[in-house]
Structures are given as C-alpha cells and as structure tokens.
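Asker: My file is start.cif. It has mmCIF, C-alpha atoms:
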```
data_query
#
loop_
_atom_site.group_PDB
_atom_site.id
_atom_site.type_symbol
_atom_site.label_atom_id
_atom_site.label_comp_id
_atom_site.auth_asym_id
_atom_site.auth_seq_id
_atom_site.Cartn_x
_atom_site.Cartn_y
_atom_site.Cartn_z
ATOM 1 C CA MET A 1074 -57.060 -16.472 -43.172
ATOM 2 C CA LYS A 1075 -54.216 -16.089 -40.677
ATOM 3 C CA ILE A 1076 -54.710 -16.450 -37.018
ATOM 4 C CA SER A 1077 -52.285 -14.414 -34.943
ATOM 5 C CA LEU A 1078 -51.506 -15.581 -31.501
ATOM 6 C CA PRO A 1079 -50.780 -13.125 -28.742
ATOM 7 C CA PRO A 1080 -47.158 -13.061 -27.558
ATOM 8 C CA PRO A 1081 -46.465 -15.415 -24.681
ATOM 9 C CA GLN A 1082 -46.807 -13.837 -21.287
ATOM 10 C CA ARG A 1083 -43.835 -14.181 -18.976
ATOM 11 C CA PRO A 1084 -44.260 -14.009 -15.281
ATOM 12 C CA PRO A 1085 -42.665 -10.902 -13.780
ATOM 13 C CA ASN A 1086 -39.177 -11.319 -12.374
ATOM 14 C CA ARG A 1087 -39.187 -11.519 -8.623
ATOM 15 C CA VAL A 1088 -36.472 -10.058 -6.480
ATOM 16 C CA TYR A 1089 -36.361 -11.711 -3.123
ATOM 17 C CA PRO A 1090 -35.074 -9.868 -0.059
ATOM 18 C CA PRO A 1091 -31.701 -10.972 1.247
ATOM 19 C CA GLY A 1092 -31.933 -13.757 3.751
ATOM 20 C CA THR A 1093 -30.266 -13.962 7.099
ATOM 21 C CA PRO A 1094 -26.772 -15.448 7.074
ATOM 22 C CA GLY A 1095 -26.848 -19.175 7.400
ATOM 23 C CA LEU A 1096 -24.646 -21.441 9.427
ATOM 24 C CA HIS A 1097 -22.177 -21.825 6.536
ATOM 25 C CA GLY A 1098 -21.663 -18.050 6.284
ATOM 26 C CA LEU A 1099 -21.110 -17.695 10.021
ATOM 27 C CA VAL A 1100 -18.633 -20.603 10.087
ATOM 28 C CA SER A 1101 -16.706 -19.013 7.211
ATOM 29 C CA LEU A 1102 -16.597 -15.665 8.996
ATOM 30 C CA ILE A 1103 -15.437 -17.194 12.277
ATOM 31 C CA THR A 1104 -12.781 -19.245 10.470
ATOM 32 C CA GLY A 1105 -11.498 -16.126 8.711
ATOM 33 C CA VAL A 1106 -11.318 -14.197 11.981
ATOM 34 C CA VAL A 1107 -9.483 -17.052 13.728
ATOM 35 C CA VAL A 1108 -6.952 -17.342 10.877
ATOM 36 C CA VAL A 1109 -6.270 -13.598 10.829
ATOM 37 C CA CYS A 1110 -5.867 -13.553 14.640
ATOM 38 C CA ALA A 1111 -3.510 -16.541 14.524
ATOM 39 C CA LEU A 1112 -1.403 -14.845 11.845
ATOM 40 C CA TYR A 1113 -1.348 -11.607 13.841
ATOM 41 C CA PHE A 1114 -0.329 -13.170 17.138
ATOM 42 C CA GLY A 1115 2.048 -15.666 15.520
ATOM 43 C CA ARG A 1116 3.893 -13.118 13.403
ATOM 44 C CA ALA A 1117 6.975 -13.223 15.661
ATOM 45 C CA VAL A 1118 7.447 -16.881 14.701
ATOM 46 C CA LEU A 1119 5.864 -16.970 11.255
ATOM 47 C CA ILE A 1120 7.835 -14.107 9.660
ATOM 48 C CA PRO A 1121 11.287 -15.687 10.206
ATOM 49 C CA ILE A 1122 9.982 -19.066 9.057
ATOM 50 C CA THR A 1123 8.511 -17.512 5.909
ATOM 51 C CA LEU A 1124 11.729 -15.639 5.165
ATOM 52 C CA SER A 1125 13.790 -18.792 5.641
ATOM 53 C CA VAL A 1126 11.545 -20.747 3.269
ATOM 54 C CA LEU A 1127 11.823 -17.996 0.642
ATOM 55 C CA LEU A 1128 15.598 -17.876 1.075
ATOM 56 C CA SER A 1129 15.800 -21.653 0.680
ATOM 57 C CA PHE A 1130 13.861 -21.392 -2.595
ATOM 58 C CA LEU A 1131 16.323 -18.753 -3.794
ATOM 59 C CA LEU A 1132 19.414 -20.719 -2.787
ATOM 60 C CA ALA A 1133 18.283 -24.178 -3.919
ATOM 61 C CA PRO A 1134 19.353 -23.713 -7.574
ATOM 62 C CA LEU A 1135 22.831 -22.583 -6.488
ATOM 63 C CA VAL A 1136 23.196 -25.574 -4.172
ATOM 64 C CA GLN A 1137 22.072 -27.936 -6.944
ATOM 65 C CA MET A 1138 24.574 -26.394 -9.360
ATOM 66 C CA LEU A 1139 27.391 -26.805 -6.839
ATOM 67 C CA ARG A 1140 26.300 -30.409 -6.223
ATOM 68 C CA ARG A 1141 26.511 -31.069 -9.982
ATOM 69 C CA LEU A 1142 30.099 -29.827 -9.826
ATOM 70 C CA HIS A 1143 30.791 -32.797 -7.512
ATOM 71 C CA MET A 1144 30.901 -30.837 -4.283
ATOM 72 C CA GLY A 1145 29.435 -32.391 -1.177
ATOM 73 C CA GLN A 1146 26.102 -31.357 0.279
ATOM 74 C CA TRP A 1147 27.524 -29.448 3.258
ATOM 75 C CA PRO A 1148 30.168 -27.498 1.292
ATOM 76 C CA SER A 1149 27.518 -26.592 -1.313
ATOM 77 C CA ILE A 1150 25.150 -25.306 1.363
ATOM 78 C CA PHE A 1151 27.962 -23.434 3.118
ATOM 79 C CA ILE A 1152 29.073 -21.717 -0.113
ATOM 80 C CA ALA A 1153 25.470 -20.814 -1.017
ATOM 81 C CA VAL A 1154 24.859 -19.297 2.426
ATOM 82 C CA LEU A 1155 28.123 -17.344 2.209
ATOM 83 C CA PHE A 1156 27.095 -16.099 -1.236
ATOM 84 C CA ALA A 1157 23.696 -14.968 0.099
ATOM 85 C CA LEU A 1158 25.314 -13.275 3.102
ATOM 86 C CA ALA A 1159 27.847 -11.488 0.888
ATOM 87 C CA SER A 1160 25.049 -10.323 -1.419
ATOM 88 C CA MET A 1161 23.018 -8.965 1.501
ATOM 89 C CA LEU A 1162 26.074 -7.200 2.929
ATOM 90 C CA ALA A 1163 26.830 -5.650 -0.472
ATOM 91 C CA VAL A 1164 23.276 -4.357 -0.814
ATOM 92 C CA GLY A 1165 23.398 -3.049 2.772
ATOM 93 C CA ALA A 1166 26.697 -1.269 2.092
ATOM 94 C CA LEU A 1167 25.235 0.288 -1.052
ATOM 95 C CA ILE A 1168 22.182 1.538 0.838
ATOM 96 C CA GLY A 1169 24.418 2.833 3.652
ATOM 97 C CA ALA A 1170 26.587 4.744 1.187
ATOM 98 C CA GLN A 1171 23.482 6.323 -0.343
ATOM 99 C CA ILE A 1172 22.228 7.362 3.103
ATOM 100 C CA VAL A 1173 25.601 8.916 3.987
ATOM 101 C CA GLN A 1174 25.601 10.822 0.697
ATOM 102 C CA LEU A 1175 22.034 12.008 1.313
ATOM 103 C CA ALA A 1176 22.921 13.118 4.844
ATOM 104 C CA GLY A 1177 25.847 15.158 3.479
ATOM 105 C CA ALA A 1178 23.621 16.959 0.984
ATOM 106 C CA LEU A 1179 20.746 17.444 3.435
ATOM 107 C CA PRO A 1180 21.313 21.214 4.002
ATOM 108 C CA GLN A 1181 21.088 21.806 0.259
ATOM 109 C CA TYR A 1182 17.867 19.770 0.058
ATOM 110 C CA GLN A 1183 16.502 21.557 3.115
ATOM 111 C CA GLU A 1184 16.858 24.965 1.443
ATOM 112 C CA ALA A 1185 15.179 23.715 -1.744
ATOM 113 C CA ILE A 1186 12.329 22.153 0.233
ATOM 114 C CA GLU A 1187 11.804 25.344 2.254
ATOM 115 C CA GLN A 1188 11.662 27.404 -0.959
ATOM 116 C CA LYS A 1189 9.118 25.019 -2.460
ATOM 117 C CA ILE A 1190 6.978 25.136 0.685
ATOM 118 C CA GLU A 1191 7.031 28.956 0.621
ATOM 119 C CA THR A 1192 6.032 28.927 -3.055
ATOM 120 C CA VAL A 1193 3.139 26.563 -2.358
ATOM 121 C CA GLN A 1194 1.972 28.719 0.549
ATOM 122 C CA GLU A 1195 2.097 31.854 -1.603
ATOM 123 C CA LYS A 1196 0.160 30.170 -4.412
ATOM 124 C CA THR A 1197 -2.506 28.646 -2.152
ATOM 125 C CA VAL A 1198 -2.822 30.342 1.229
ATOM 126 C CA GLY A 1199 -1.729 33.780 -0.029
ATOM 127 C CA ARG A 1200 -4.252 33.741 -2.869
ATOM 128 C CA ALA A 1201 -6.976 32.419 -0.618
ATOM 129 C CA ASP A 1202 -6.258 35.207 1.896
ATOM 130 C CA SER A 1203 -6.401 37.899 -0.788
ATOM 131 C CA LEU A 1204 -9.570 36.362 -2.252
ATOM 132 C CA MET A 1205 -11.233 36.311 1.172
ATOM 133 C CA SER A 1206 -10.318 39.933 1.881
ATOM 134 C CA SER A 1207 -11.584 41.112 -1.525
ATOM 135 C CA THR A 1208 -14.787 39.097 -1.053
ATOM 136 C CA ALA A 1209 -15.270 40.620 2.382
ATOM 137 C CA SER A 1210 -14.848 44.137 1.016
ATOM 138 C CA VAL A 1211 -17.319 43.474 -1.826
ATOM 139 C CA LEU A 1212 -19.847 42.052 0.638
ATOM 140 C CA GLN A 1213 -19.359 45.026 2.903
ATOM 141 C CA ARG A 1214 -20.106 47.444 0.063
ATOM 142 C CA MET A 1215 -23.177 45.455 -1.041
ATOM 143 C CA ALA A 1216 -24.643 45.012 2.447
ATOM 144 C CA PRO A 1217 -27.302 47.585 3.323
ATOM 145 C CA SER A 1218 -26.270 49.890 6.082
ATOM 146 C CA ARG A 1219 -28.408 49.875 9.187
ATOM 147 C CA PRO A 1220 -29.817 53.126 10.362
ATOM 148 C CA ALA A 1221 -28.498 54.309 13.689
ATOM 149 C CA PRO A 1222 -31.210 54.328 16.435
#
```
Would you write the structure of this file as structure tokens?
Answerer:
Amino acid sequence: MKISLPPPQRPPNRVYPPGTPGLHGLVSLITGVVVVCALYFGRAVLIPITLSVLLSFLLAPLVQMLRRLHMGQWPSIFIAVLFALASMLAVGALIGAQIVQLAGALPQYQEAIEQKIETVQEKTVGRADSLMSSTASVLQRMAPSRPAP
C-alpha cells in the first residue's frame, strides 16, 4: 500500500510597497546634482583642460618617437605641436574649401530644394485638401435637410 503525500504548500509571494527613499538615496541624488552643477558652471575652464589632456594623449607617441631618434625633449615637443597645428590647419582649409564650393552651388541647391518642397506639399497638403472637400460634399449630401419654418 502506497501512501501519497500532498504536495508541499508554499507561502504566497509577497510584494511589498516601495519604501520612502532613505538617507543613502538622498545623499546620492544631492551628490549627482552638485556634480552636474559644478560641471555646468565650470565648463569654461574644464573644456579647455579636457581638450589639452586629450591632445597630450594624441601627441605623446609622436614625442616619444622623436625622443627615440635622439632629439631633445623640447625640440620633440615643439615638432609635435607644429605637426598638430599643421594638421588642424589642413583640416580647417579642407572644410573651408568645401564650404566655399557649397556656397557657389547654393542657387542650384535652392531650386532643387524648392521643387522638392512643392512636391511634398502637393502630395500631402494638396491631397488632404481634396480629401477634405470630397468628404465635406459627401457629408452634405448625406445630412438630412432641415425644413424651413
């Protein structure tokens, strides 16, 4: 004879309501707000410092290579800075040339843009206008006429 045991009963899962924020949560929030405010108000100083640190990371390998070629520290730094300046000027000249070329072709682009805007208006606003007028006429025909008093 087999005796079967009933399956074990588990207590129901309880979902507790969210508690009020504790001191740790409030301190974290205040710290976050203070850091964001400090970054916002200090951006005039922090942005140039950040850019200079990034530029130093980019130029450090070039300076080390020049130092391995038995150049002094100051000439290596000077050559690396000149190289970075020349690169930035070259990129700026390239962007300037592209802007000048774009400005010369602006009337041609303006005509193409105006044609595209007209096409979009015809496809959207024009169709919507014709749809509204046809809907209004259908509704007018379907509406019962009121007898004149």
Asker: What's the separation between atom CA of Arg1214 of chain A and atom CA of Val1198 of chain A, in Å to one decimal place?
Answerer: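 Distance reported for this atom pair: 24.3 Å.
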Asker: Would you compute the distance between atom CA of Met1205 of chain A and atom CA of Gln1188 of chain A? Give it in Å to one decimal.
Answerer: 24.7 Å
Asker: Which residues match the PyMOL selection byres ((chain A and resi 1129-1139) around 10) in the file above, as a ChimeraX atom specification?
Answerer: /A:1123-1128,1140-1154,1156-1157
Asker: What box, with edges along x, y and z, holds each listed atom of segment 1138-1154 of chain A when 8 Å is added on every side, and can you state its centre and edge lengths in Å to one decimal, as lines of an AutoDock Vina configuration file?
Answerer:
```
center_x = 27.7
center_y = -26.0
center_z = -3.4
size_x = 22.3
size_y = 29.5
size_z = 29.2
```
Asker: Can you write out as a Markdown table which residues of segment 1179-1211 of chain A fall within 12 Å of segment 1165-1175 of chain A, alongside each residue's closest atom pair and its distance in Å to one decimal, counting only C-alpha atoms and ordering rows by chain and ascending residue number?
Answerer:
```
| residue | atom | partner | partner_atom | distance |
| --- | --- | --- | --- | --- |
| A:Leu1179 | CA | A:Leu1175 | CA | 6.0 |
| A:Pro1180 | CA | A:Leu1175 | CA | 9.6 |
| A:Gln1181 | CA | A:Leu1175 | CA | 9.9 |
| A:Tyr1182 | CA | A:Leu1175 | CA | 8.9 |
| A:Gln1183 | CA | A:Leu1175 | CA | 11.2 |
```
Asker: Do you have the atom CA of Met1161 of chain A-atom CA of Leu1112 of chain A distance handy?
Answerer: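 Distance between the two atoms: 27.2 Å.
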